[in-house]
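This report concerns only the one structure given below.
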Amino acid sequence: RWRAPSGLMAADGDIHDFDVVSGAPVGMFGRPRQGLRSCRLSFNRDGSRVLIFDTASDDDIPLFGARLCNSADGSVIATFERVTALAFSPDGQRLRSCTPWGEAAFFDATQGTLVGALPDLPYWEDDWTEFSPDGSRVILLGVNEEPTARIHDAQTGKEVSELRGHTAPKALPVEFDPSGERLLTLDGDTIVRVWEAGSGREVAVLREQYCDKVERAEFSPDLAWVSTSANGQIRVYDPATGTNVAVLTGDTAEFSPDGARVLTRADKQIRVWDT
């Protein structure tokens, strides 16, 4: 995947943007305000915008100030105060922000203007929200410690669907399929649920009966399979029925782009399996 030229922070505290091919300076973003220091940078997908994070602190809650800048000339488009999380959507068109007071909102990444807000979140943790692959929707997990997850429109903040059926207070983590039409949630330690993102209908339940905790769950790129990792085993499921079709040896798994093969790693061995 193409990535934008990297921003580099000079020793004097100024942040410069360089062309990675020629090494020529492209823009200079200036210094953080007094009492703050710049800690990291984040480009959007096409490299036209960059977020610069300046650290601050309030009790034990990590707080940031951030600047949304034009990467071509370093000009500041918008500033964000006292946020605990700020991130581009996968398509680079939206920004999602979270505050210590449970406030979450969406901003247009081109102009930095507010486009929608979400219901109050229970804590300041960024793990409560996740964008769909195309950036059009966002999922809220376990709001107010309820065993539910809600999907909202990233344009307006309005609720689209609700995923009911979880038994654990928090449904984490979440994994959308590449099309954004289905998603996985981890319900407690050993149950993975498959959902239709549009309707909120539960499609299948994958129960891991022989492990203490599911460490990872993901769709294959062709959407035909779901793999889970736990206790040194990779289990492959049919996401339409929840049927366990294979048990593979390994700690981690990686599907080929067409979904026809899967690589597993165990100790010092790499195995290739035909799905």
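Just remember, in the structure tokens the first chain shown is A, the second B, etc., residues are 1-based per chain, and ligands are 1-based in the order shown.
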
(request) Report the residues of range 60-272 of chain A whose backbone DSSP state falls under strand (DSSP E or B), written as a ChimeraX atom specification. (result) /A:61-70,76-83,85-88,94-98,104-108,114-118,129-131,137-141,149-153,159-163,171-176,182-187,191-196,202-207,216-219,226-230,233-238,243-249,252-255,261-266,269-272

(request) Just the residues within 10 Å of range 225-238 of chain A, please, counting only C-alpha atoms, with nothing from its chain fewer than 3 positions along; format it as a ChimeraX atom specification. (result) /A:177,184,190,192,194,204,206,208,210-222,241-255,259,262,264-267,275

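The two atoms in question, CA of Gly116 in chain A and CA of Cys98 in chain A, are spaced 12.7 Å apart.
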
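Atom to atom, CA of Arg94 in chain A and CA of Gly112 in chain A stand 8.8 Å apart.
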
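Excluding Ser136 in chain A itself and any same-chain residue fewer than 2 positions from it, the protein and nucleic acid residues within 9 Å of it, counting only C-alpha atoms, are Ser89, Asp91, Arg94, Phe131, Ser132, Pro133, Asp134, Val138, His152, Asp153, Ala154 and Gln155 of chain A.
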
Any chance you can output those residues with all heavy atoms as an mmCIF file, in the first residue's frame?
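As a result, result.cif now contains:
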data_model
loop_
_atom_site.group_PDB
_atom_site.id
_atom_site.type_symbol
_atom_site.label_atom_id
_atom_site.label_comp_id
_atom_site.auth_asym_id
_atom_site.auth_seq_id
_atom_site.Cartn_x
_atom_site.Cartn_y
_atom_site.Cartn_z
ATOM 1 N N SER A 89 -10.391 7.988 9.505
ATOM 2 C CA SER A 89 -11.110 6.811 9.043
ATOM 3 C C SER A 89 -10.257 6.118 7.976
ATOM 4 O O SER A 89 -9.342 6.723 7.402
ATOM 5 C CB SER A 89 -12.466 7.207 8.461
ATOM 6 O OG SER A 89 -12.301 8.070 7.349
ATOM 7 N N ASP A 91 -10.742 5.473 4.910
ATOM 8 C CA ASP A 91 -10.727 6.158 3.621
ATOM 9 C C ASP A 91 -10.112 7.548 3.696
ATOM 10 O O ASP A 91 -9.979 8.231 2.681
ATOM 11 C CB ASP A 91 -12.135 6.244 3.034
ATOM 12 C CG ASP A 91 -13.092 7.068 3.896
ATOM 13 O OD1 ASP A 91 -12.687 7.514 4.988
ATOM 14 O OD2 ASP A 91 -14.248 7.258 3.473
ATOM 15 N N ARG A 94 -12.715 11.162 7.110
ATOM 16 C CA ARG A 94 -13.291 11.539 8.394
ATOM 17 C C ARG A 94 -12.247 11.439 9.498
ATOM 18 O O ARG A 94 -11.277 10.687 9.402
ATOM 19 C CB ARG A 94 -14.477 10.628 8.754
ATOM 20 C CG ARG A 94 -15.698 10.805 7.859
ATOM 21 C CD ARG A 94 -16.411 12.101 8.174
ATOM 22 N NE ARG A 94 -17.591 12.288 7.330
ATOM 23 C CZ ARG A 94 -17.590 12.937 6.180
ATOM 24 N NH1 ARG A 94 -16.459 13.452 5.713
ATOM 25 N NH2 ARG A 94 -18.691 13.089 5.475
ATOM 26 N N PHE A 131 -14.018 1.973 13.037
ATOM 27 C CA PHE A 131 -14.585 2.289 11.734
ATOM 28 C C PHE A 131 -14.759 1.034 10.894
ATOM 29 O O PHE A 131 -13.995 0.071 11.008
ATOM 30 C CB PHE A 131 -13.666 3.243 10.968
ATOM 31 C CG PHE A 131 -13.865 4.699 11.283
ATOM 32 C CD1 PHE A 131 -12.923 5.398 12.004
ATOM 33 C CD2 PHE A 131 -14.991 5.367 10.824
ATOM 34 C CE1 PHE A 131 -13.089 6.745 12.283
ATOM 35 C CE2 PHE A 131 -15.163 6.714 11.089
ATOM 36 C CZ PHE A 131 -14.223 7.403 11.820
ATOM 37 N N SER A 132 -15.757 1.062 9.995
ATOM 38 C CA SER A 132 -15.854 0.052 8.946
ATOM 39 C C SER A 132 -14.764 0.328 7.912
ATOM 40 O O SER A 132 -14.203 1.428 7.871
ATOM 41 C CB SER A 132 -17.228 0.091 8.289
ATOM 42 O OG SER A 132 -17.454 1.340 7.667
ATOM 43 N N PRO A 133 -14.424 -0.651 7.057
ATOM 44 C CA PRO A 133 -13.317 -0.448 6.110
ATOM 45 C C PRO A 133 -13.477 0.761 5.193
ATOM 46 O O PRO A 133 -12.484 1.395 4.836
ATOM 47 C CB PRO A 133 -13.319 -1.757 5.306
ATOM 48 C CG PRO A 133 -13.872 -2.769 6.239
ATOM 49 C CD PRO A 133 -14.922 -2.041 7.023
ATOM 50 N N ASP A 134 -14.721 1.086 4.798
ATOM 51 C CA ASP A 134 -14.908 2.238 3.911
ATOM 52 C C ASP A 134 -15.118 3.540 4.657
ATOM 53 O O ASP A 134 -15.303 4.595 4.050
ATOM 54 C CB ASP A 134 -16.074 1.997 2.946
ATOM 55 C CG ASP A 134 -17.414 1.871 3.665
ATOM 56 O OD1 ASP A 134 -17.448 1.958 4.912
ATOM 57 O OD2 ASP A 134 -18.430 1.683 2.970
ATOM 58 N N VAL A 138 -19.433 3.356 12.013
ATOM 59 C CA VAL A 138 -18.580 3.157 13.167
ATOM 60 C C VAL A 138 -19.355 2.313 14.172
ATOM 61 O O VAL A 138 -20.575 2.435 14.296
ATOM 62 C CB VAL A 138 -18.140 4.499 13.799
ATOM 63 C CG1 VAL A 138 -19.312 5.246 14.388
ATOM 64 C CG2 VAL A 138 -17.054 4.286 14.835
ATOM 65 N N HIS A 152 -23.222 3.006 14.021
ATOM 66 C CA HIS A 152 -23.696 4.356 13.717
ATOM 67 C C HIS A 152 -23.178 4.816 12.363
ATOM 68 O O HIS A 152 -22.111 4.387 11.911
ATOM 69 C CB HIS A 152 -23.228 5.345 14.794
ATOM 70 C CG HIS A 152 -23.890 5.145 16.117
ATOM 71 N ND1 HIS A 152 -24.849 5.996 16.614
ATOM 72 C CD2 HIS A 152 -23.727 4.179 17.062
ATOM 73 C CE1 HIS A 152 -25.251 5.568 17.798
ATOM 74 N NE2 HIS A 152 -24.588 4.473 18.089
ATOM 75 N N ASP A 153 -23.939 5.693 11.736
ATOM 76 C CA ASP A 153 -23.530 6.327 10.491
ATOM 77 C C ASP A 153 -22.451 7.359 10.801
ATOM 78 O O ASP A 153 -22.656 8.249 11.631
ATOM 79 C CB ASP A 153 -24.741 7.010 9.842
ATOM 80 C CG ASP A 153 -24.456 7.526 8.448
ATOM 81 O OD1 ASP A 153 -23.486 8.289 8.290
ATOM 82 O OD2 ASP A 153 -25.210 7.186 7.531
ATOM 83 N N ALA A 154 -21.303 7.232 10.133
ATOM 84 C CA ALA A 154 -20.194 8.151 10.409
ATOM 85 C C ALA A 154 -20.426 9.537 9.833
ATOM 86 O O ALA A 154 -19.694 10.468 10.171
ATOM 87 C CB ALA A 154 -18.884 7.578 9.854
ATOM 88 N N GLN A 155 -21.426 9.690 8.972
ATOM 89 C CA GLN A 155 -21.741 11.011 8.441
ATOM 90 C C GLN A 155 -22.565 11.825 9.436
ATOM 91 O O GLN A 155 -22.340 13.016 9.620
ATOM 92 C CB GLN A 155 -22.540 10.864 7.131
ATOM 93 C CG GLN A 155 -21.813 10.108 6.036
ATOM 94 C CD GLN A 155 -20.809 10.965 5.306
ATOM 95 O OE1 GLN A 155 -20.778 12.182 5.481
ATOM 96 N NE2 GLN A 155 -19.984 10.355 4.494
#

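Backbone DSSP over range 126-202 of chain A yields helix (DSSP H, G or I) at Asp126, Asp127, Trp128, Val143, Asn144 and Glu145 of chain A.
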
(message) For range 66-72 of chain A, find every residue with an atom within 6 Å (counting only C-alpha atoms), except residues of its own chain fewer than 5 positions away, and show them as an NGL selection string.
(response) :A and (48-54 or 77-80)

Name all residues at most 7 Å from Phe107 in chain A (count only C-alpha atoms; drop same-chain ones fewer than 4 positions away) and give them as an mmCIF file with N, CA, C and O atoms, in the first residue's frame.
data_model
loop_
_atom_site.group_PDB
_atom_site.id
_atom_site.type_symbol
_atom_site.label_atom_id
_atom_site.label_comp_id
_atom_site.auth_asym_id
_atom_site.auth_seq_id
_atom_site.Cartn_x
_atom_site.Cartn_y
_atom_site.Cartn_z
ATOM 1 N N ARG A 94 -12.715 11.162 7.110
ATOM 2 C CA ARG A 94 -13.291 11.539 8.394
ATOM 3 C C ARG A 94 -12.247 11.439 9.498
ATOM 4 O O ARG A 94 -11.277 10.687 9.402
ATOM 5 N N LEU A 95 -12.477 12.224 10.546
ATOM 6 C CA LEU A 95 -11.686 12.129 11.771
ATOM 7 C C LEU A 95 -12.615 11.737 12.903
ATOM 8 O O LEU A 95 -13.738 12.245 12.998
ATOM 9 N N ARG A 96 -12.182 10.852 13.771
ATOM 10 C CA ARG A 96 -12.944 10.471 14.957
ATOM 11 C C ARG A 96 -12.192 10.949 16.186
ATOM 12 O O ARG A 96 -10.992 10.720 16.322
ATOM 13 N N GLY A 112 -11.858 20.063 8.539
ATOM 14 C CA GLY A 112 -11.799 20.036 10.002
ATOM 15 C C GLY A 112 -13.094 20.435 10.665
ATOM 16 O O GLY A 112 -13.116 20.728 11.867
ATOM 17 N N THR A 113 -14.205 20.436 9.934
ATOM 18 C CA THR A 113 -15.497 20.855 10.476
ATOM 19 C C THR A 113 -16.257 19.671 11.062
ATOM 20 O O THR A 113 -16.137 18.538 10.602
ATOM 21 N N LEU A 114 -17.059 19.941 12.081
ATOM 22 C CA LEU A 114 -17.857 18.910 12.744
ATOM 23 C C LEU A 114 -18.958 18.433 11.802
ATOM 24 O O LEU A 114 -19.683 19.236 11.225
ATOM 25 N N VAL A 115 -19.114 17.097 11.673
ATOM 26 C CA VAL A 115 -20.179 16.548 10.823
ATOM 27 C C VAL A 115 -21.153 15.667 11.603
ATOM 28 O O VAL A 115 -22.246 15.384 11.130
#

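Atom pair CA of Thr167 in chain A / CA of Ile191 in chain A: separated by 9.5 Å.
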